[in-house]
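Have a look at target_36.txt; it's compact mmCIF, C-alpha atoms and all ligand atoms:
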```txt
# COMPACT_ATOMS: atom_id res chain seq x y z
CA MET B 1 -0.07 -21.69 18.32
CA GLN B 2 1.61 -24.26 20.57
CA GLN B 3 1.51 -23.53 24.29
CA GLU B 4 5.30 -23.50 24.46
CA GLU B 5 5.74 -21.10 21.59
CA ARG B 6 3.04 -18.82 22.95
CA GLU B 7 4.70 -18.65 26.33
CA LYS B 8 7.88 -17.40 24.74
CA ARG B 9 5.98 -14.30 23.71
CA ARG B 10 5.28 -11.70 26.34
CA VAL B 11 2.53 -10.21 24.23
CA TYR B 12 1.40 -10.61 20.64
CA ALA B 13 -1.36 -9.54 18.31
CA LYS B 14 -2.93 -12.36 16.35
CA ILE B 15 -4.24 -11.33 12.95
CA SER B 16 -6.68 -13.59 11.18
CA LYS B 17 -6.10 -13.66 7.43
CA ALA B 18 -9.43 -15.45 7.07
CA ALA B 19 -11.19 -12.53 8.78
CA LEU B 20 -9.51 -9.99 6.48
CA CYS B 21 -10.62 -12.02 3.44
CA HIS B 22 -14.11 -12.49 4.86
CA ASN B 23 -14.49 -8.73 5.34
CA MET B 24 -13.36 -7.98 1.80
CA GLU B 25 -15.71 -10.61 0.39
CA ALA B 26 -18.64 -9.45 2.50
CA MET B 27 -18.18 -5.84 1.37
CA GLN B 28 -17.72 -6.87 -2.24
CA ALA B 29 -20.94 -8.90 -2.12
CA SER B 30 -22.87 -5.86 -0.86
CA LEU B 31 -21.54 -3.53 -3.58
CA PRO B 32 -22.95 -3.03 -7.06
CA ALA B 33 -21.23 -5.37 -9.55
CA GLY B 34 -18.05 -4.13 -11.16
CA ILE B 35 -17.07 -1.62 -8.48
CA LYS B 36 -13.35 -1.76 -7.73
CA MET B 37 -12.09 -1.81 -4.16
CA ALA B 38 -9.11 -0.04 -2.65
CA GLY B 39 -7.67 -1.29 0.64
CA VAL B 40 -6.71 1.53 3.00
CA VAL B 41 -3.51 0.48 4.78
CA LYS B 42 -2.29 3.79 6.22
CA ALA B 43 -0.78 3.87 9.73
CA ASP B 44 0.74 0.42 9.19
CA GLY B 45 -2.59 -1.03 8.16
CA TYR B 46 -4.41 0.44 11.18
CA GLY B 47 -1.85 -1.36 13.32
CA HIS B 48 -2.29 -4.72 11.56
CA GLY B 49 0.96 -4.54 9.53
CA ALA B 50 0.51 -2.82 6.16
CA ALA B 51 2.61 -5.07 3.92
CA SER B 52 1.14 -8.30 5.30
CA VAL B 53 -2.40 -6.94 4.97
CA CYS B 54 -1.65 -5.91 1.36
CA GLU B 55 -0.54 -9.45 0.54
CA VAL B 56 -3.63 -11.01 2.10
CA ILE B 57 -6.15 -8.70 0.40
CA ALA B 58 -4.38 -8.53 -2.97
CA PRO B 59 -6.96 -10.74 -4.74
CA TYR B 60 -9.75 -8.31 -3.84
CA VAL B 61 -8.27 -4.88 -4.50
CA ALA B 62 -7.28 -2.70 -7.44
CA PHE B 63 -5.48 -0.10 -5.31
CA TYR B 64 -3.87 0.39 -1.93
CA CYS B 65 -4.25 3.73 -0.14
CA VAL B 66 -1.81 5.20 2.38
CA ALA B 67 -1.46 8.62 4.00
CA ALA B 68 2.22 9.41 3.48
CA ALA B 69 4.95 9.02 0.87
CA GLU B 70 7.14 6.99 3.24
CA GLU B 71 4.34 4.49 3.77
CA ALA B 72 3.91 4.02 0.03
CA LEU B 73 7.65 3.65 -0.63
CA GLU B 74 8.00 1.16 2.21
CA LEU B 75 5.30 -1.02 0.64
CA ARG B 76 7.20 -0.98 -2.65
CA GLU B 77 10.42 -1.95 -0.84
CA LYS B 78 8.52 -4.89 0.60
CA GLY B 79 7.47 -6.01 -2.86
CA ILE B 80 3.88 -4.78 -2.91
CA GLU B 81 3.05 -4.22 -6.56
CA LYS B 82 -0.43 -2.82 -7.22
CA PRO B 83 -1.08 0.90 -7.71
CA ILE B 84 -0.78 2.90 -4.49
CA LEU B 85 -2.57 6.19 -3.85
CA ILE B 86 -1.38 8.63 -1.20
CA LEU B 87 -4.49 10.21 0.33
CA GLY B 88 -2.74 13.26 1.78
CA PRO B 89 -0.50 15.99 0.37
CA VAL B 90 3.20 15.11 0.12
CA PRO B 91 6.25 17.40 0.09
CA GLY B 92 7.11 18.28 -3.54
CA ASP B 93 10.64 16.90 -3.39
CA ASN B 94 9.16 13.38 -3.11
CA TYR B 95 7.53 13.37 -6.52
CA ALA B 96 10.38 11.85 -8.54
CA SER B 97 10.68 8.82 -6.29
CA LEU B 98 6.90 8.39 -6.30
CA ILE B 99 6.67 8.52 -10.08
CA ARG B 100 9.45 5.94 -10.43
CA ALA B 101 7.63 3.63 -8.04
CA GLY B 102 4.21 4.00 -9.70
CA ILE B 103 2.75 5.74 -6.66
CA ARG B 104 -0.10 8.22 -7.22
CA PRO B 105 -0.17 11.46 -5.24
CA SER B 106 -3.33 13.41 -4.42
CA ILE B 107 -3.17 16.74 -6.21
CA PHE B 108 -5.33 19.81 -5.64
CA THR B 109 -3.16 22.92 -6.05
CA GLU B 110 -1.37 24.34 -9.05
CA GLU B 111 1.95 24.26 -7.16
CA GLN B 112 1.59 20.52 -6.62
CA ALA B 113 0.71 19.98 -10.28
CA ALA B 114 3.68 22.08 -11.38
CA SER B 115 6.16 20.12 -9.21
CA LEU B 116 4.71 16.76 -10.24
CA SER B 117 4.87 17.81 -13.89
CA THR B 118 8.47 19.02 -13.59
CA ALA B 119 9.50 15.69 -12.07
CA ALA B 120 7.57 13.74 -14.73
CA VAL B 121 9.12 15.70 -17.57
CA ALA B 122 12.63 15.25 -16.10
CA LEU B 123 12.10 11.49 -15.81
CA GLY B 124 10.28 11.16 -19.11
CA ILE B 125 7.49 9.19 -17.38
CA ARG B 126 3.83 10.23 -17.42
CA ALA B 127 2.69 10.71 -13.82
CA PRO B 128 -0.74 9.43 -12.84
CA PHE B 129 -2.43 11.45 -10.09
CA HIS B 130 -5.78 11.64 -8.34
CA LEU B 131 -7.53 14.97 -7.93
CA ALA B 132 -8.68 15.53 -4.34
CA VAL B 133 -12.04 17.30 -4.23
CA ASP B 134 -13.44 18.98 -1.11
CA THR B 135 -17.19 18.48 -0.87
CA GLY B 136 -17.56 19.77 2.67
CA MET B 137 -15.01 18.29 5.07
CA ASN B 138 -12.64 21.23 4.63
CA ARG B 139 -9.52 19.09 5.11
CA ILE B 140 -7.88 18.88 1.69
CA GLY B 141 -8.98 19.18 -1.91
CA LEU B 142 -10.03 21.84 -4.34
CA ARG B 143 -13.53 23.23 -3.95
CA ALA B 144 -16.31 21.45 -5.81
CA ASP B 145 -17.47 24.63 -7.55
CA GLU B 146 -16.61 26.85 -10.56
CA THR B 147 -13.31 27.90 -8.98
CA GLY B 148 -12.51 24.19 -8.62
CA VAL B 149 -13.36 23.51 -12.24
CA ALA B 150 -11.07 26.34 -13.36
CA LEU B 151 -8.29 25.03 -11.13
CA ALA B 152 -8.75 21.47 -12.39
CA GLU B 153 -8.37 22.75 -15.96
CA LYS B 154 -5.06 24.38 -15.03
CA ILE B 155 -3.81 21.35 -13.13
CA THR B 156 -4.61 18.86 -15.87
CA ALA B 157 -3.00 21.07 -18.53
CA TYR B 158 0.52 20.56 -17.10
CA PRO B 159 2.65 18.35 -19.32
CA MET B 160 3.22 14.65 -18.65
CA LEU B 161 0.43 14.36 -16.11
CA ASP B 162 -2.16 11.60 -16.33
CA PHE B 163 -5.52 12.53 -14.74
CA GLU B 164 -6.17 8.98 -13.60
CA GLY B 165 -8.55 9.48 -10.71
CA MET B 166 -10.66 11.83 -8.65
CA PHE B 167 -12.03 11.44 -5.14
CA THR B 168 -13.69 13.09 -2.20
CA HIS B 169 -14.06 12.04 1.42
CA PHE B 170 -17.14 11.72 3.65
CA TYR B 171 -17.02 13.24 7.11
CA ARG B 172 -20.37 12.13 8.56
CA ALA B 173 -21.20 8.90 6.76
CA ASP B 174 -21.14 6.90 10.01
CA GLU B 175 -24.25 8.60 11.45
CA TRP B 176 -27.94 7.75 11.23
CA ASP B 177 -28.73 10.96 9.43
CA LEU B 178 -27.07 10.80 6.02
CA GLU B 179 -28.22 14.17 4.74
CA THR B 180 -24.70 15.65 4.82
CA THR B 181 -23.35 12.58 3.04
CA GLU B 182 -26.01 12.85 0.35
CA ARG B 183 -25.13 16.51 -0.14
CA GLN B 184 -21.43 15.61 -0.47
CA THR B 185 -22.18 12.90 -3.03
CA ALA B 186 -24.39 15.27 -5.05
CA ARG B 187 -21.64 17.93 -5.06
CA PHE B 188 -19.11 15.40 -6.26
CA ARG B 189 -21.44 14.16 -8.98
CA ASN B 190 -22.13 17.70 -10.20
CA PHE B 191 -18.43 18.50 -10.16
CA LYS B 192 -17.70 15.38 -12.17
CA THR B 193 -20.32 16.46 -14.75
CA ALA B 194 -18.90 19.99 -14.89
CA LEU B 195 -15.41 18.59 -15.58
CA ALA B 196 -16.76 16.23 -18.23
CA GLU B 197 -18.28 19.25 -20.01
CA LYS B 198 -14.74 20.63 -20.23
CA GLY B 199 -13.56 17.31 -21.63
CA LEU B 200 -11.89 16.22 -18.37
CA LYS B 201 -12.76 12.63 -17.57
CA PRO B 202 -10.76 10.81 -14.91
CA ARG B 203 -10.94 7.03 -15.29
CA ILE B 204 -11.42 6.17 -11.61
CA CYS B 205 -13.80 8.21 -9.43
CA HIS B 206 -14.04 7.10 -5.80
CA VAL B 207 -15.99 8.44 -2.87
CA ALA B 208 -17.11 5.87 -0.27
CA ASN B 209 -15.06 5.06 2.84
CA SER B 210 -16.07 2.14 5.10
CA ALA B 211 -19.15 3.96 6.40
CA GLY B 212 -20.18 4.75 2.83
CA ILE B 213 -19.68 1.13 1.79
CA LEU B 214 -21.73 -0.20 4.71
CA ASN B 215 -24.50 2.38 4.14
CA LEU B 216 -24.28 2.09 0.34
CA HIS B 217 -23.56 5.80 -0.08
CA GLY B 218 -21.13 6.95 -2.73
CA THR B 219 -20.74 3.36 -3.91
CA ASP B 220 -21.97 3.95 -7.47
CA PHE B 221 -18.74 5.41 -8.85
CA ASP B 222 -15.76 3.34 -10.06
CA MET B 223 -14.09 2.40 -6.79
CA VAL B 224 -14.57 2.47 -2.99
CA ARG B 225 -11.95 2.84 -0.24
CA ALA B 226 -12.27 0.29 2.55
CA GLY B 227 -10.40 1.15 5.75
CA ILE B 228 -11.63 0.21 9.19
CA ALA B 229 -14.23 -2.27 7.85
CA LEU B 230 -11.48 -4.27 6.19
CA TYR B 231 -10.13 -4.93 9.66
CA GLY B 232 -13.59 -6.03 10.81
CA ILE B 233 -14.52 -2.97 12.85
CA TYR B 234 -17.64 -0.86 12.29
CA PRO B 235 -16.86 2.85 11.83
CA ALA B 236 -19.37 3.63 14.58
CA GLU B 237 -21.57 1.57 16.86
CA GLU B 238 -24.72 3.19 15.53
CA MET B 239 -23.86 1.99 12.02
CA ALA B 240 -26.37 -0.20 10.30
CA HIS B 241 -24.85 -3.67 10.59
CA THR B 242 -25.81 -4.48 7.03
CA VAL B 243 -22.59 -6.36 6.37
CA ARG B 244 -21.36 -8.87 8.95
CA LEU B 245 -17.74 -8.06 9.69
CA LYS B 246 -15.25 -10.15 11.64
CA PRO B 247 -12.60 -8.39 13.75
CA ALA B 248 -9.20 -9.50 12.45
CA LEU B 249 -7.00 -8.57 15.39
CA SER B 250 -6.87 -10.05 18.88
CA LEU B 251 -4.33 -9.30 21.61
CA HIS B 252 -2.80 -11.95 23.82
CA SER B 253 -0.37 -12.40 26.67
CA THR B 254 0.50 -14.89 29.39
CA VAL B 255 0.31 -14.67 33.19
CA THR B 256 3.82 -14.33 34.60
CA TYR B 257 3.08 -14.49 38.33
CA VAL B 258 0.24 -15.25 40.74
CA LYS B 259 0.12 -14.42 44.44
CA GLU B 260 -2.14 -13.74 47.42
CA VAL B 261 -2.48 -10.11 48.50
CA PRO B 262 -3.73 -9.63 52.08
CA ALA B 263 -6.60 -7.23 52.87
CA GLY B 264 -5.49 -3.64 53.30
CA GLU B 265 -2.56 -3.77 50.84
CA ALA B 266 -2.20 -1.49 47.85
CA ILE B 267 -1.51 -2.64 44.31
CA SER B 268 0.65 -0.83 41.70
CA TYR B 269 1.91 2.77 41.41
CA GLY B 270 0.18 5.39 43.47
CA GLY B 271 -1.67 2.81 45.56
CA THR B 272 -4.88 3.74 43.76
CA TYR B 273 -6.31 0.29 44.52
CA VAL B 274 -6.38 -1.08 48.05
CA ALA B 275 -7.62 -4.65 48.58
CA ALA B 276 -10.73 -4.53 50.79
CA SER B 277 -10.39 -8.28 51.34
CA ALA B 278 -7.66 -10.82 50.56
CA LYS B 279 -7.24 -11.22 46.80
CA ARG B 280 -5.55 -13.56 44.38
CA VAL B 281 -3.66 -11.41 41.97
CA ALA B 282 -2.06 -12.22 38.62
CA THR B 283 0.60 -10.14 36.88
CA VAL B 284 0.25 -9.58 33.12
CA PRO B 285 3.42 -8.46 31.29
CA VAL B 286 1.82 -5.77 29.08
CA GLY B 287 1.64 -2.02 29.57
CA TYR B 288 1.33 1.38 28.01
CA GLY B 289 4.83 0.84 26.57
CA ASP B 290 3.06 -1.54 24.20
CA GLY B 291 0.28 0.92 23.48
CA TYR B 292 -2.12 -0.67 25.98
CA PRO B 293 -3.86 2.37 27.48
CA ARG B 294 -2.95 3.51 30.98
CA SER B 295 -6.47 4.90 31.18
CA LEU B 296 -7.66 1.29 31.66
CA SER B 297 -6.17 1.45 35.19
CA ASN B 298 -8.74 0.13 37.71
CA LYS B 299 -11.24 -0.14 34.84
CA GLY B 300 -10.26 -2.56 32.13
CA GLU B 301 -10.74 -6.31 32.13
CA VAL B 302 -8.90 -9.23 30.54
CA LEU B 303 -9.97 -12.84 29.98
CA ILE B 304 -8.19 -15.67 31.78
CA HIS B 305 -9.54 -19.23 31.42
CA GLY B 306 -12.65 -17.72 29.85
CA LYS B 307 -13.43 -15.44 32.80
CA ARG B 308 -13.34 -11.67 33.07
CA CYS B 309 -10.64 -10.39 35.44
CA ARG B 310 -10.55 -6.74 36.43
CA ILE B 311 -7.39 -4.65 36.34
CA LEU B 312 -6.30 -3.73 39.88
CA GLY B 313 -4.46 -0.44 40.26
CA ARG B 314 -2.53 1.39 37.59
CA VAL B 315 -1.35 -0.01 34.29
CA CYS B 316 2.46 0.38 34.33
CA MET B 317 4.69 0.78 31.28
CA ASP B 318 5.28 -2.96 30.95
CA GLN B 319 3.01 -4.78 33.40
CA PHE B 320 -0.31 -4.65 35.23
CA MET B 321 -2.16 -6.72 37.79
CA VAL B 322 -5.59 -8.36 37.60
CA ASP B 323 -7.97 -9.99 40.06
CA VAL B 324 -7.99 -13.79 39.68
CA SER B 325 -9.66 -14.50 43.03
CA GLU B 326 -12.48 -16.27 41.14
CA VAL B 327 -10.25 -18.06 38.65
CA ARG B 328 -8.77 -21.03 40.48
CA GLU B 329 -6.90 -22.36 37.45
CA ALA B 330 -5.00 -19.08 36.93
CA ALA B 331 -1.27 -19.75 37.21
CA PRO B 332 1.95 -18.60 35.60
CA GLY B 333 1.61 -19.59 31.96
CA SER B 334 -2.16 -19.11 31.80
CA PRO B 335 -3.16 -17.42 28.52
CA VAL B 336 -4.49 -13.89 28.84
CA THR B 337 -6.77 -12.37 26.22
CA LEU B 338 -6.70 -8.58 26.25
CA LEU B 339 -8.81 -8.18 23.11
CA GLY B 340 -10.80 -10.97 21.52
CA ALA B 341 -12.62 -14.10 22.66
CA ASP B 342 -11.82 -16.81 25.19
CA GLY B 343 -14.54 -19.41 25.73
CA ASN B 344 -17.90 -17.66 25.83
CA GLU B 345 -16.50 -14.28 26.81
CA ARG B 346 -15.29 -11.63 24.43
CA ILE B 347 -13.59 -8.29 24.91
CA THR B 348 -14.40 -6.10 21.95
CA LEU B 349 -12.51 -3.16 20.60
CA GLU B 350 -15.59 -1.05 21.26
CA GLU B 351 -15.46 -2.03 24.95
CA LEU B 352 -11.78 -1.18 25.25
CA ALA B 353 -12.27 2.08 23.39
CA GLU B 354 -15.20 3.06 25.57
CA LYS B 355 -13.45 2.23 28.86
CA SER B 356 -10.14 3.81 27.90
CA GLY B 357 -11.61 6.94 26.33
CA ARG B 358 -9.86 6.14 23.07
CA PHE B 359 -11.43 6.06 19.63
CA PRO B 360 -11.49 2.47 18.22
CA TYR B 361 -9.36 3.46 15.18
CA GLU B 362 -6.90 5.12 17.57
CA PHE B 363 -6.68 2.05 19.82
CA MET B 364 -5.51 -0.05 16.85
CA CYS B 365 -2.98 2.51 15.68
CA CYS B 366 -1.49 2.84 19.17
CA LEU B 367 -0.41 -0.81 19.45
CA ASN B 368 3.26 -0.33 18.76
CA ARG B 369 6.35 -2.10 17.51
CA ARG B 370 6.87 -3.93 20.78
CA VAL B 371 3.81 -6.04 19.99
CA PRO B 372 4.67 -8.69 17.39
CA ARG B 373 1.98 -9.39 14.81
CA ILE B 374 1.33 -13.07 14.15
CA TYR B 375 -0.64 -13.93 11.01
CA CYS B 376 -2.69 -17.08 11.06
C1 LIG B 401 -8.62 7.05 6.15
C2 LIG B 401 -9.35 7.30 4.91
C3 LIG B 401 -10.21 6.35 4.37
C4 LIG B 401 -10.62 5.11 5.11
O1 LIG B 401 -11.57 5.44 6.09
P1 LIG B 401 -12.32 4.32 6.93
O2 LIG B 401 -13.31 5.04 7.76
O3 LIG B 401 -11.28 3.65 7.77
O4 LIG B 401 -12.91 3.38 5.95
C5 LIG B 401 -10.76 6.58 3.11
N1 LIG B 401 -10.47 7.73 2.45
C6 LIG B 401 -9.67 8.69 2.95
C7 LIG B 401 -9.43 9.93 2.17
C8 LIG B 401 -9.09 8.53 4.21
O5 LIG B 401 -8.32 9.49 4.71
```

Translate the structure described by the file into structure tokens.
Ligand SMILES: *Cc1c(COP(=O)(O)O)cnc(C)c1O
Amino acid sequence: MQQEEREKRRVYAKISKAALCHNMEAMQASLPAGIKMAGVVKADGYGHGAASVCEVIAPYVAFYCVAAAEEALELREKGIEKPILILGPVPGDNYASLIRAGIRPSIFTEEQAASLSTAAVALGIRAPFHLAVDTGMNRIGLRADETGVALAEKITAYPMLDFEGMFTHFYRADEWDLETTERQTARFRNFKTALAEKGLKPRICHVANSAGILNLHGTDFDMVRAGIALYGIYPAEEMAHTVRLKPALSLHSTVTYVKEVPAGEAISYGGTYVAASAKRVATVPVGYGDGYPRSLSNKGEVLIHGKRCRILGRVCMDQFMVDVSEVREAAPGSPVTLLGADGNERITLEELAEKSGRFPYEFMCCLNRRVPRIYC
């Protein structure tokens, strides 16, 4: 981006389309041939902008996954066309609009099946759905046992329903010890066999999330669901780095003001930082009103002219101050990197998450509407 144009922006998140594509290709290359991929774009694409991410990854995916009906409908309004699966339960009065838009709900109770069927019959359109199976997380899904088989028989018997898919979700696939994950996969496989014996055969079974994909667990069904890894972030630091991912999002701003602060003076709300010696201080126009964590007060660092500069005092709603005593070139207009690389230095999401006490996934989701997303 041109210097001038950049300076017009107080703060912006830069999203690399090349990184998103690289991550999809790297995962695809590590998977058994013929496995379909779904791109998980819930929570506005983990803060990256769901519709834009969908467009970029379209060549690689068979499905998009979201968490809520509104998210799915918004993607349709924005012209996103592939099948969309909603991973969580939705209120029953949404079913008609979902069926019309070709959006698949997750179904796991008879009440849900009955409402979906009623809407499908009224519209005269067969409604595809995915059966959510609980293999141990105890979040949603019918139990992967005989009671679950009986319930699946009832659910699939409702008129005008199309048993398109079936899935379960891992809850510990990002750890070294994959025993729980293996048990979950085995339960799912047995459940699938038990349904097949009753003549129930969904066309698309899917199990692996990002951690499963990277550890090659649950990747031998029909499809996998790539979330955090699509954005270039490892689900956990202890993950085997089998696939090289590239973080897609970086966060940038511009210095608005630079001044000398004499020894003994306080900086920012509460006076939690007092300069022990004279300091050169730069003001950065970003704050917790943008989703930048206040917990980085007196702790976080940013990059200015390729050097790390520590945050001095509290992060305010819209601004914070950093130490540029060692960065002679720092001046109003100097680029500030809050997340990402500048020269040989890099601030990773893991570092920000660790220092702020936020979970990496959460950090991404918290960047809000006030931060424009620029795709390049
Ligand atoms: C969020 C979610 C995913 C994606 O998880 P990642 O760890 O981001 O890959 C996959 N499946 C379900 C059911 C989810 O809720």

TODO: Within 10 Å of ligand LIG 401 (chain B), which residues show up when you count all atoms listed in the file? List them as a PyMOL selection string, please.
DONE: chain B and resi 38-43+45-46+65-67+85-88+106+132+139-140+167-171+173-174+206-214+224-231+233-236+361

Task: Residues near range 308-317 of chain B, cut-off 7 Å, all atoms listed in the file, skip fewer than 2 positions along chain, as a list in words - done: Ile267, Ser268, Tyr269, Gly271, Thr272, Tyr273, Gly287, Tyr288, Gly289, Arg294, Leu296, Ser297, Asn298, Lys299, Gly300, Glu301, Val302, Leu303, Ile304, Gly306, Gln319, Phe320, Met321, Val322, Asp323 and Val324 of chain B

Quick one: write out the picked residues with C-alpha atoms as an mmCIF file, keeping the file's coordinate frame?
```cif
data_model
loop_
_atom_site.group_PDB
_atom_site.id
_atom_site.type_symbol
_atom_site.label_atom_id
_atom_site.label_comp_id
_atom_site.auth_asym_id
_atom_site.auth_seq_id
_atom_site.Cartn_x
_atom_site.Cartn_y
_atom_site.Cartn_z
ATOM 1 C CA ILE B 267 -1.510 -2.640 44.310
ATOM 2 C CA SER B 268 0.650 -0.830 41.700
ATOM 3 C CA TYR B 269 1.910 2.770 41.410
ATOM 4 C CA GLY B 271 -1.670 2.810 45.560
ATOM 5 C CA THR B 272 -4.880 3.740 43.760
ATOM 6 C CA TYR B 273 -6.310 0.290 44.520
ATOM 7 C CA GLY B 287 1.640 -2.020 29.570
ATOM 8 C CA TYR B 288 1.330 1.380 28.010
ATOM 9 C CA GLY B 289 4.830 0.840 26.570
ATOM 10 C CA ARG B 294 -2.950 3.510 30.980
ATOM 11 C CA LEU B 296 -7.660 1.290 31.660
ATOM 12 C CA SER B 297 -6.170 1.450 35.190
ATOM 13 C CA ASN B 298 -8.740 0.130 37.710
ATOM 14 C CA LYS B 299 -11.240 -0.140 34.840
ATOM 15 C CA GLY B 300 -10.260 -2.560 32.130
ATOM 16 C CA GLU B 301 -10.740 -6.310 32.130
ATOM 17 C CA VAL B 302 -8.900 -9.230 30.540
ATOM 18 C CA LEU B 303 -9.970 -12.840 29.980
ATOM 19 C CA ILE B 304 -8.190 -15.670 31.780
ATOM 20 C CA GLY B 306 -12.650 -17.720 29.850
ATOM 21 C CA GLN B 319 3.010 -4.780 33.400
ATOM 22 C CA PHE B 320 -0.310 -4.650 35.230
ATOM 23 C CA MET B 321 -2.160 -6.720 37.790
ATOM 24 C CA VAL B 322 -5.590 -8.360 37.600
ATOM 25 C CA ASP B 323 -7.970 -9.990 40.060
ATOM 26 C CA VAL B 324 -7.990 -13.790 39.680
#
```

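Ranking B:Lys36, B:His305, B:Arg100, B:Lys82 by their shortest atom-to-atom distance to Cys54 in chain B, with only C-alpha atoms included, puts B:Lys82 first.
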
Task: Residue among B:Val281, B:Ile374, B:Tyr257, B:Ala50 lying closest to Pro332 in chain B, counting only C-alpha atoms - done: B:Tyr257

Task: Using all atoms listed in the file: which of B:Val336, B:Ile204, B:Ala276, B:Ala353 has the shortest distance to Ala263 in chain B - done: B:Ala276

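Going from CA of Ala68 in chain B to CA of Val90 in chain B covers 6.7 Å.
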
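Proximity ranking of B:Leu349, B:Val255, B:Val243, B:Val284 relative to Ala330 in chain B places B:Val255 first, based on all atoms listed in the file.
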
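For the pair CA of Arg172 in chain B and CA of Phe191 in chain B, the interatomic distance is 19.9 Å.
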